[in-house]
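Asker: Provided herewith: final-v4.txt, compact mmCIF, C-alpha atoms.
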# COMPACT_ATOMS: atom_id res chain seq x y z
CA GLY A 1 0.00 0.00 0.00
CA PHE A 2 1.20 3.51 -0.81
CA PHE A 3 0.22 6.87 0.69
CA LEU A 4 1.56 10.33 1.62
CA TRP A 5 2.17 11.72 5.13
CA ASP A 6 3.99 14.81 6.36
CA GLN A 7 4.87 13.11 9.73
CA THR A 8 4.43 16.27 11.79
CA SER A 9 1.94 14.67 14.21
CA PRO A 10 2.12 11.54 16.39
CA PHE A 11 -1.03 10.05 14.85
CA THR A 12 -2.48 10.26 11.38
CA TRP A 13 -5.05 8.45 9.28
CA VAL A 14 -4.32 7.35 5.73
CA LYS A 15 -6.02 5.64 2.78
CA PRO A 16 -3.46 3.17 1.40
CA SER A 17 -3.77 1.98 -2.17
CA GLY A 18 -2.08 -0.74 -4.18
CA PRO A 19 -2.27 -4.55 -4.10
CA SER A 20 0.93 -5.43 -2.22
CA MET A 21 -0.79 -5.89 1.17
CA LEU A 22 -3.82 -7.86 -0.02
CA PRO A 23 -5.80 -9.40 1.55
CA THR A 24 -4.98 -7.37 4.69
CA ILE A 25 -5.34 -3.89 3.15
CA ALA A 26 -7.70 -3.14 0.26
CA ALA A 27 -6.03 -2.28 -3.04
CA ASP A 28 -8.49 0.42 -4.11
CA GLY A 29 -8.00 2.97 -1.31
CA SER A 30 -11.43 2.26 0.20
CA GLU A 31 -10.10 1.71 3.74
CA VAL A 32 -8.82 4.16 6.36
CA TRP A 33 -5.94 3.13 8.64
CA LEU A 34 -4.43 4.76 11.73
CA LEU A 35 -0.64 5.21 11.95
CA LEU A 36 1.59 5.80 14.98
CA SER A 37 4.70 7.82 14.14
CA SER A 38 8.00 6.20 15.05
CA ASN A 39 9.43 9.68 15.65
CA TRP A 40 6.99 10.31 18.50
CA PHE A 41 5.98 7.08 20.13
CA LEU A 42 7.58 3.82 19.16
CA TYR A 43 10.71 4.05 21.25
CA THR A 44 8.71 4.71 24.41
CA LEU A 45 5.83 2.32 23.68
CA ARG A 46 8.22 -0.58 23.19
CA LEU A 47 10.63 0.58 25.95
CA GLY A 48 13.55 0.58 23.57
CA GLY A 49 12.82 -2.99 22.47
CA TYR A 50 13.18 -4.69 25.84
CA PHE A 51 10.17 -6.87 25.10
CA HIS A 52 11.34 -8.09 21.70
CA LYS A 53 11.42 -11.85 21.08
CA ASN A 54 13.34 -13.40 18.20
CA GLN A 55 12.29 -16.32 15.98
CA LYS A 56 13.21 -18.78 18.74
CA GLY A 57 11.00 -17.02 21.28
CA GLU A 58 14.01 -15.72 23.21
CA ARG A 59 13.64 -12.27 24.77
CA GLU A 60 16.31 -9.92 23.48
CA ASN A 61 16.87 -6.20 23.34
CA LYS A 62 17.47 -5.78 19.61
CA SER A 63 14.63 -3.86 18.02
CA ILE A 64 11.66 -1.66 18.78
CA PHE A 65 9.62 -3.71 16.30
CA ARG A 66 8.11 -7.17 16.55
CA ILE A 67 7.63 -9.97 14.05
CA GLY A 68 4.28 -9.44 12.35
CA ASP A 69 4.13 -5.67 12.84
CA MET A 70 2.77 -3.77 9.86
CA VAL A 71 4.94 -0.72 9.26
CA ALA A 72 5.29 2.16 6.81
CA PHE A 73 8.75 2.81 5.41
CA ALA A 74 10.51 5.17 3.01
CA PRO A 75 14.15 6.08 2.37
CA PRO A 76 15.30 9.59 3.37
CA PRO A 77 14.26 12.24 0.83
CA SER A 78 16.97 13.54 -1.47
CA PRO A 79 18.21 17.10 -0.79
CA ASP A 80 16.46 18.44 -3.89
CA LYS A 81 13.04 17.37 -2.60
CA LYS A 82 11.26 20.45 -1.24
CA SER A 83 7.95 18.90 -0.17
CA ILE A 84 7.51 17.68 3.41
CA PHE A 85 5.18 14.97 2.11
CA MET A 86 6.76 11.59 1.54
CA PRO A 87 5.37 8.52 -0.25
CA LEU A 88 5.36 5.62 2.20
CA SER A 89 5.03 1.92 1.56
CA CYS A 90 3.27 -0.42 3.99
CA LYS A 91 4.87 -3.83 4.59
CA ARG A 92 5.11 -6.48 7.32
CA VAL A 93 8.08 -7.20 9.59
CA VAL A 94 9.21 -10.81 9.06
CA GLY A 95 12.80 -10.56 10.29
CA LEU A 96 14.66 -8.71 13.08
CA PRO A 97 18.39 -8.21 13.76
CA GLY A 98 20.14 -11.59 13.96
CA ASP A 99 17.30 -13.51 12.29
CA VAL A 100 18.08 -15.74 9.32
CA VAL A 101 15.66 -14.97 6.49
CA ALA A 102 15.06 -16.29 2.98
CA SER A 103 16.58 -13.77 0.56
CA ASN A 104 13.73 -14.31 -1.90
CA GLY A 105 10.96 -14.29 0.69
CA GLN A 106 9.11 -16.66 2.96
CA TYR A 107 6.85 -17.76 0.10
CA VAL A 108 9.52 -18.21 -2.57
CA LYS A 109 8.43 -21.82 -3.15
CA LEU A 110 5.06 -20.57 -4.43
CA TYR A 111 6.80 -18.76 -7.28
CA ARG A 112 9.80 -21.02 -7.89
CA ASP A 113 8.20 -23.09 -10.66
CA GLN A 114 6.10 -20.42 -12.38
CA ASP A 115 8.82 -17.73 -12.36
CA PRO A 116 12.28 -19.35 -12.04
CA ILE A 117 14.12 -16.22 -13.21
CA ASN A 118 12.65 -13.63 -10.83
CA LEU A 119 11.16 -15.99 -8.22
CA GLY A 120 7.99 -13.93 -8.04
CA LYS A 121 9.75 -10.58 -7.74
CA SER A 122 8.99 -7.49 -9.78
CA TRP A 123 11.58 -4.72 -10.02
CA PRO A 124 11.39 -0.96 -9.47
CA GLN A 125 11.62 1.66 -12.18
CA PRO A 126 14.76 3.87 -12.40
CA SER A 127 12.85 6.72 -10.74
CA HIS A 128 12.49 4.73 -7.51
CA ALA A 129 14.60 6.06 -4.62
CA MET A 130 16.07 2.60 -3.94
CA TYR A 131 16.53 1.57 -7.58
CA ALA A 132 20.34 1.27 -7.35
CA ILE A 133 20.10 -1.15 -4.41
CA ALA A 134 17.54 -3.27 -6.21
CA GLU A 135 19.68 -3.41 -9.35
CA GLN A 136 22.62 -4.77 -7.34
CA ARG A 137 20.48 -7.54 -5.89
CA ARG A 138 18.98 -8.22 -9.31
CA GLN A 139 22.39 -9.28 -10.60
CA GLN A 140 22.55 -12.16 -8.13
CA PRO A 141 21.79 -15.62 -9.60
CA PRO A 142 18.27 -16.78 -8.64
CA ASP A 143 18.53 -19.21 -5.73
CA PRO A 144 15.32 -20.23 -3.93
CA ASP A 145 17.35 -21.54 -0.99
CA GLN A 146 19.50 -18.46 -0.46
CA THR A 147 19.41 -16.98 3.05
CA GLU A 148 20.94 -14.00 4.82
CA VAL A 149 21.19 -12.60 8.33
CA VAL A 150 19.42 -9.36 9.18
CA PRO A 151 22.12 -6.96 10.44
CA GLU A 152 21.90 -4.79 13.54
CA GLY A 153 19.71 -1.73 13.14
CA HIS A 154 17.71 -3.26 10.29
CA VAL A 155 14.46 -5.15 9.72
CA TRP A 156 13.35 -7.50 6.95
CA LEU A 157 10.04 -6.42 5.43
CA GLU A 158 7.78 -8.32 3.05
CA ALA A 159 4.43 -7.69 1.39
CA ASP A 160 1.47 -9.85 2.38
CA ASN A 161 0.94 -10.30 -1.36
CA PRO A 162 4.59 -10.62 -2.44
CA GLY A 163 3.86 -11.33 -6.10
CA LEU A 164 2.67 -7.72 -6.47
CA GLY A 165 4.98 -5.90 -4.06
CA LEU A 166 8.39 -4.31 -3.59
CA ASP A 167 10.09 -5.09 -0.28
CA SER A 168 13.27 -6.54 1.25
CA ARG A 169 13.43 -9.19 -1.46
CA GLN A 170 14.38 -6.39 -3.86
CA PHE A 171 15.98 -3.91 -1.43
CA GLY A 172 17.54 -6.15 1.19
CA PRO A 173 17.34 -5.42 4.94
CA ILE A 174 15.70 -2.05 5.60
CA PRO A 175 17.37 0.34 8.08
CA GLU A 176 15.12 0.95 11.07
CA SER A 177 15.57 4.68 10.44
CA TYR A 178 13.60 4.22 7.21
CA VAL A 179 10.57 2.93 9.14
CA ARG A 180 8.39 5.97 9.74
CA ALA A 181 5.38 4.46 11.49
CA VAL A 182 3.54 1.39 12.73
CA VAL A 183 0.11 0.62 11.29
CA ALA A 184 -2.05 0.66 14.42
CA ALA A 185 -5.67 0.02 13.39
CA ARG A 186 -8.22 -0.05 10.60
CA LEU A 187 -10.72 2.78 11.14
CA TRP A 188 -12.98 2.40 8.11
CA PRO A 189 -15.22 0.71 7.07
CA ILE A 190 -16.65 1.01 10.56
CA TRP A 191 -17.72 -2.67 10.70
CA SER A 192 -14.11 -3.72 10.15
CA LEU A 193 -12.65 -1.52 12.91
CA ALA A 194 -9.80 -3.55 14.43
CA ARG A 195 -6.13 -3.70 15.22
CA PRO A 196 -4.13 -5.55 12.55
CA LYS A 197 -3.25 -9.14 13.31
CA ARG A 198 0.45 -9.96 13.45
CA LEU A 199 -0.14 -13.36 11.85
CA ARG A 200 0.77 -12.98 8.18
CA PRO A 201 -1.94 -14.25 5.81
CA HIS A 202 -1.23 -16.64 2.96
CA PRO A 203 -0.69 -14.81 -0.36
CA ILE A 204 -3.70 -14.63 -2.64
CA PRO A 205 -3.58 -16.31 -6.08
CA LEU A 206 -2.62 -14.00 -8.95
CA ASP A 207 -5.14 -15.24 -11.50
CA GLU A 208 -7.40 -12.68 -13.17
CA ALA A 209 -10.54 -13.86 -11.36
CA THR A 210 -8.96 -13.37 -7.93
CA LEU A 211 -7.48 -10.00 -8.86
CA SER A 212 -10.88 -8.89 -10.11
CA LYS A 213 -12.46 -10.03 -6.84
CA TYR A 214 -10.07 -7.76 -4.93
CA ASN A 215 -10.66 -4.88 -7.34
CA VAL A 216 -7.18 -4.97 -8.88
CA TYR A 217 -6.46 -4.29 -12.51
CA ARG A 218 -3.36 -5.96 -13.94
CA ALA A 219 -2.33 -4.87 -17.42
CA ARG A 220 -1.92 -7.74 -19.85
CA GLN A 221 1.64 -7.97 -21.08
CA ALA A 222 3.47 -9.86 -23.77
CA PRO A 223 5.50 -12.78 -22.42
CA SER A 224 8.76 -11.01 -23.27
CA THR A 225 7.83 -7.84 -21.37
CA PRO A 226 9.29 -7.56 -17.83
CA VAL A 227 6.76 -7.50 -15.01
CA GLN A 228 5.91 -3.92 -14.06
CA THR A 229 6.41 -2.77 -10.49
CA GLU A 230 3.21 -0.81 -10.04
CA GLN A 231 -0.21 -2.40 -10.23
CA VAL A 232 -3.16 -0.07 -10.88
CA PRO A 233 -6.31 -0.30 -8.71
CA ARG A 234 -9.46 -0.74 -10.79
CA LYS A 235 -11.53 2.44 -10.82
Do you think you could lay out the structure here as structure tokens?

Answerer:
Amino acid sequence: GFFLWDQTSPFTWVKPSGPSMLPTIAADGSEVWLLLSSNWFLYTLRLGGYFHKNQKGERENKSIFRIGDMVAFAPPPSPDKKSIFMPLSCKRVVGLPGDVVASNGQYVKLYRDQDPINLGKSWPQPSHAMYAIAEQRRQQPPDPDQTEVVPEGHVWLEADNPGLGLDSRQFGPIPESYVRAVVAARLWPIWSLARPKRLRPHPIPLDEATLSKYNVYRARQAPSTPVQTEQVPRK
């Protein structure tokens, strides 16, 4: 999901759009979500990370985030950017410092056979702020079994719907300083008011019928055309 936020207040509500967090967040911008700014609250709410548990369930003081948190991240703006508004991307925390993660994502086996070259990953356009990092990782030979360790001060983020998202599979571990907020609750529609679950859902199928069900339009492409990074919500 993508949205803009000036980050001058501790709380804000946003209307994310885009299919990368389906089925958790609607692709068409019809939902309203509440964010908590990391600049204001996260370090105190999590007491500097003293309640963090790693993949083995061991309590460690490594991160202010927890596995399963939904967060909004963006790289620092370039000096020539005058606007205080920043496009943010919503993803889920699946790895913390010291965790061993699959370089091509937790669900790489779903895409291994149908997309052996990219393993279910799309790639950003040159205008993307983290394009250079993604290009470096793109040069690596595709290996479904490749793993890496999340370094200190970083988190590993993945989309709930990885086949239509850009995340740590393309950009590698994300510096915690890039994480601007935690997604705290869904506010609208009113009947779906709730805090987000930290249990990651299984990715949805990418067939046209399922995409239509979730109100997502995917442009038909020739087989030789690379997969585009941005998917357009159906109007």

Asker: Any idea what's packed within 12 Å of Thr147 of chain A, counting all atoms listed in the file, ignoring anything in its chain fewer than 5 positions away? Could you give it as a list in words?

Answerer: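 After dropping sequence-adjacent residues, the list is Gly95, Asp99, Val100, Val101, Ala102, Ser103, Asn104, Gly105, Gln106, Val108, Pro142, Trp156, Arg169, Gly172 and Pro173 of chain A.
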
Asker: Restricting the calculation to all atoms listed in the file: of A:Met130, A:Leu206, A:Leu119, A:Met21, which residue gets closest to Gln146 of chain A?

Answerer: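 Nearest candidate to Gln146 of chain A out of A:Met130, A:Leu206, A:Leu119, A:Met21: A:Leu119.
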
Asker: Mind pulling up the distance from atom CA of Ile204 of chain A to atom CA of Asp69 of chain A?

Answerer: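 Separation of atom CA of Asp69 of chain A and atom CA of Ile204 of chain A: 19.5 Å.
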
Asker: Each residue of segment 123-199 of chain A with at least one atom at most 12 Å from segment 112-116 of chain A should appear once, together with its nearest atom pair and the corresponding distance in Å (one decimal); atoms considered: only C-alpha atoms; ordering: chain, then increasing residue number; output as CSV.

Answerer:
residue,atom,partner,partner_atom,distance
A:Pro141,CA,A:Pro116,CA,10.5
A:Pro142,CA,A:Pro116,CA,7.4
A:Asp143,CA,A:Pro116,CA,8.9
A:Pro144,CA,A:Arg112,CA,6.8
A:Asp145,CA,A:Arg112,CA,10.2
A:Gly163,CA,A:Asp115,CA,10.2

Asker: In Å, rounded to a single decimal, give me how far atom CA of Val182 of chain A is from atom CA of Trp13 of chain A.

Answerer: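 Result for atom CA of Trp13 of chain A versus atom CA of Val182 of chain A: 11.6 Å, one decimal.
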
Asker: Would you compute the distance between atom CA of Ala72 of chain A and atom CA of Val216 of chain A? Give it in Å to one decimal.

Answerer: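 We find that atom CA of Ala72 of chain A and atom CA of Val216 of chain A lie 21.3 Å from each other.
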
Asker: At a cut-off of 12 Å from (14.7, 4.8, 3.8) in the coordinates of the file, what residues are picked up using only C-alpha atoms, written as a ChimeraX atom specification?

Answerer: /A:72-78,86-89,128-131,133,154-155,167-168,171-180

Asker: Using all atoms listed in the file for the distances, tell me which of A:Val183, A:Val32, A:Leu199, A:Met70 is nearest to Lys91 of chain A.

Answerer: A:Met70

Asker: What lies within 6 Å of Pro97 of chain A using all atoms listed in the file, ignoring chain neighbours under 2 positions off, as number ranges by chain?

Answerer: A: 99, 150-152

Asker: From the options A:Arg198, A:Lys15, A:Lys109, A:Arg137, which residue's atoms come nearest to Phe65 of chain A, counting all atoms listed in the file?

Answerer: A:Arg198

Asker: Name the residues in contact with segment 34-39 of chain A at a cut-off of 7 Å, using only C-alpha atoms, excluding same-chain residues fewer than 5 positions from it; report them as a PDB file with C-alpha atoms, in the frame of the given file.

Answerer:
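Output (result_36.pdb):
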ATOM      1  CA  GLN A   7       4.870  13.110   9.730  1.00  0.00           C
ATOM      2  CA  PRO A  10       2.120  11.540  16.390  1.00  0.00           C
ATOM      3  CA  PHE A  11      -1.030  10.050  14.850  1.00  0.00           C
ATOM      4  CA  THR A  12      -2.480  10.260  11.380  1.00  0.00           C
ATOM      5  CA  TRP A  13      -5.050   8.450   9.280  1.00  0.00           C
ATOM      6  CA  VAL A  14      -4.320   7.350   5.730  1.00  0.00           C
ATOM      7  CA  ARG A 180       8.390   5.970   9.740  1.00  0.00           C
ATOM      8  CA  ALA A 181       5.380   4.460  11.490  1.00  0.00           C
ATOM      9  CA  VAL A 182       3.540   1.390  12.730  1.00  0.00           C
ATOM     10  CA  VAL A 183       0.110   0.620  11.290  1.00  0.00           C
ATOM     11  CA  ALA A 184      -2.050   0.660  14.420  1.00  0.00           C
ATOM     12  CA  ALA A 185      -5.670   0.020  13.390  1.00  0.00           C
ATOM     13  CA  ARG A 186      -8.220  -0.050  10.600  1.00  0.00           C
ATOM     14  CA  LEU A 187     -10.720   2.780  11.140  1.00  0.00           C
TER      15      LEU A 187
END
